[in-house]
Every structure is written in C-alpha cells, then in structure tokens.
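Comments concern the structure below.
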Amino acid sequence: MNKLSQLTVQKIIYGLLVVFMAAGLKYVYSQSASDNLAWNLGPTAALVSFFTGAPFVKEASVGYVCIANQVAIVPACASINFMIAAFCMSALTFIYSTKRKQYLPLCVLAGGAAAYAATLCANSLRIILS
C-alpha cells in the first residue's frame with residue numbers, strides 16, 4: 001500500500017478547510033440582513049454607480065436604492081451562492097495544482113480574492129444590463 005505524501009495530506013487538509021469555510025459563509029449569509037452584507041452590496045452599488053452615473057443611497061434594512069432609476073440592490077442581489085461556488089472552484093484548483101506546501105495558504109487567499117472580485121464584477125454587470 002502506498003503512503004500518502006506529506007504534500008498530498010496537506011492538500012487534503014486545505015481542501016477540507018475550503019469546504020468548511022464555504023459552509024460557514026453559506027450559514028452566515030442565510031442569517032444576514034442587508035446591513036451585514038454591506039461588504040458585498042456597497043462595492044456593487046459603487047461599481048454600478050461608477051459605470052452608469054446612477055446615485056445609490058444606503059437604506060437601512062433594505063440595501064442600496066437608486067430612486068431615479070427605480071433600482072434596489074438588496075440581499076438577494078448579493079450572489080453569495082455564486083461567490084461560494086467561485087471560491088471553492090478557484091481555491092481547490094489552486095490547491096490541487098500547487099507543487100509546494102508553502103503556497104497552500106496563499107491558494108486559499110487567492111481563491112477568496114478571485115471569488116470576491118468575480119462576484120462584484122458579475123453582480124455589477126448583471127445590474128447594469130438589467
């Protein structure tokens with residue numbers, strides 16, 4: 001029977017960490033109100049505002065609203081499920097492809113950053129085109 005290499009074991013551990021982080025984000029999102037999602041809704045509103053010129057105002061317990069265009073960016077627009085899928089896909093791909101165990105923590109961070117950026121871009125584009 002072949003023994004697993006130390007790198008393979010560490011990749012499995014970091015892969016499980018990614019899965020648990022995704023489950024934790026899903027749980028937190030399911031319990032969150034719009035005020036708790038400002039880290040996602042705020043930058044999305046700023047990007048939409050930048051590209052369209054439409055002014056968005058933060059409304060407590062609602063999200064970001066543009067009265068002139070009758071558009072609201074609410075928690076349902078946060079696309080957290082998209083971000084979770086993008087995080088898992090990118091982080092696990094980075095983890096699988098790395099050859100050095102020192103890079104494993106960076107793989108998780110890079111996956112998170114890539115997922116966040118992709119989510120903001122996708123959300124903004126979806127709102128601009130609608």
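Here, A, B, ... name the chains of the structure tokens in the order displayed, residue numbers run from 1 inside each chain, and ligands are numbered from 1 in the same displayed order.
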
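By only C-alpha atoms, and with residues fewer than 4 positions from segment 76-91 of chain A along its chain excluded, the set lying at most 6 Å from it is Ala22, Cys107, Val108, Gly111, Gly112, Ala115 and Thr119 of chain A.
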
Quiz item: Could you pull out all residues of segment 2-123 of chain A with a DSSP call of alpha helix (DSSP H) and give them as a VMD selection string?
Solution: chain A and resid 6 to 31 38 to 52 80 to 97 104 to 123

Practice problem: Considering only C-alpha atoms, return as a PyMOL selection string whatever protein or nucleic-acid residues lie within 12 Å of Leu47 of chain A, sequence-local ones (same chain, fewer than 3 positions apart) excluded. | Solution: chain A and resi 40-44+50-56+73+117+119-128

Self-check item: For Ala38 of chain A, the nearest of the candidates A:Val9, A:Ala68, A:Val19, A:Val74, counting only C-alpha atoms
Solution: A:Val74

Practice problem: Identify which of the residues A:Met21, A:Val28, A:Leu4, A:Ile12 lies closest to Ile95 of chain A, counting only C-alpha atoms when measuring atom-to-atom distances. | Solution: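 Among the listed residues, A:Ile12 lies closest to Ile95 of chain A.
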
Self-check item: Shell around Lys99 of chain A at 10 Å using only C-alpha atoms, local window under 3 positions removed, as a list in words
Solution: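 That gives Leu7, Thr8, Lys11, Phe94, Ile95, Tyr96, Gln102, Tyr103 and Leu104 of chain A.
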
Output file for the residues above (C-alpha atoms, as a JSON list (two decimals), in the first residue's frame):
```json
[["chain", "number", "residue", "atom", "x", "y", "z"],
["A", 7, "LEU", "CA", 2.09, 17.35, 0.41],
["A", 8, "THR", "CA", -0.96, 15.27, -0.50],
["A", 11, "LYS", "CA", -3.63, 19.44, 0.24],
["A", 94, "PHE", "CA", -5.07, 26.33, -6.90],
["A", 95, "ILE", "CA", -4.54, 23.81, -4.09],
["A", 96, "TYR", "CA", -4.58, 20.86, -6.49],
["A", 102, "GLN", "CA", 4.39, 26.74, 1.47],
["A", 103, "TYR", "CA", 1.95, 28.07, -1.13],
["A", 104, "LEU", "CA", -1.14, 26.30, 0.21]]
```

Quiz item: For Val18 of chain A, which residue out of A:Thr98, A:Ser34, A:Ser61, A:Thr93 is the nearest one, using only C-alpha atoms?
Solution: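 Of A:Thr98, A:Ser34, A:Ser61, A:Thr93, the one nearest Val18 of chain A, counting only C-alpha atoms, is A:Thr93.
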
Quiz item: How many Å separate atom CA of Leu16 of chain A from atom CA of Gln31 of chain A?
Solution: 22.9 Å

Self-check item: strand (DSSP E or B) positions in segment 4-93 of chain A, given as a ChimeraX atom specification
Solution: /A:57-59,63-66,71-73

Quiz item: Do you have the atom CA of Gly15 of chain A-atom CA of Leu92 of chain A distance handy?
Solution: 6.1 Å

Quiz prompt | Of the listed residues A:Ala110, A:Ala118, A:Ala60, A:Leu129, that which approaches Asp35 of chain A most closely, counting only C-alpha atoms | solution = A:Ala60

Quiz item: atom CA of Ala46 of chain A to atom CA of Gly24 of chain A: how many Å, to one decimal?
Solution: 26.6 Å
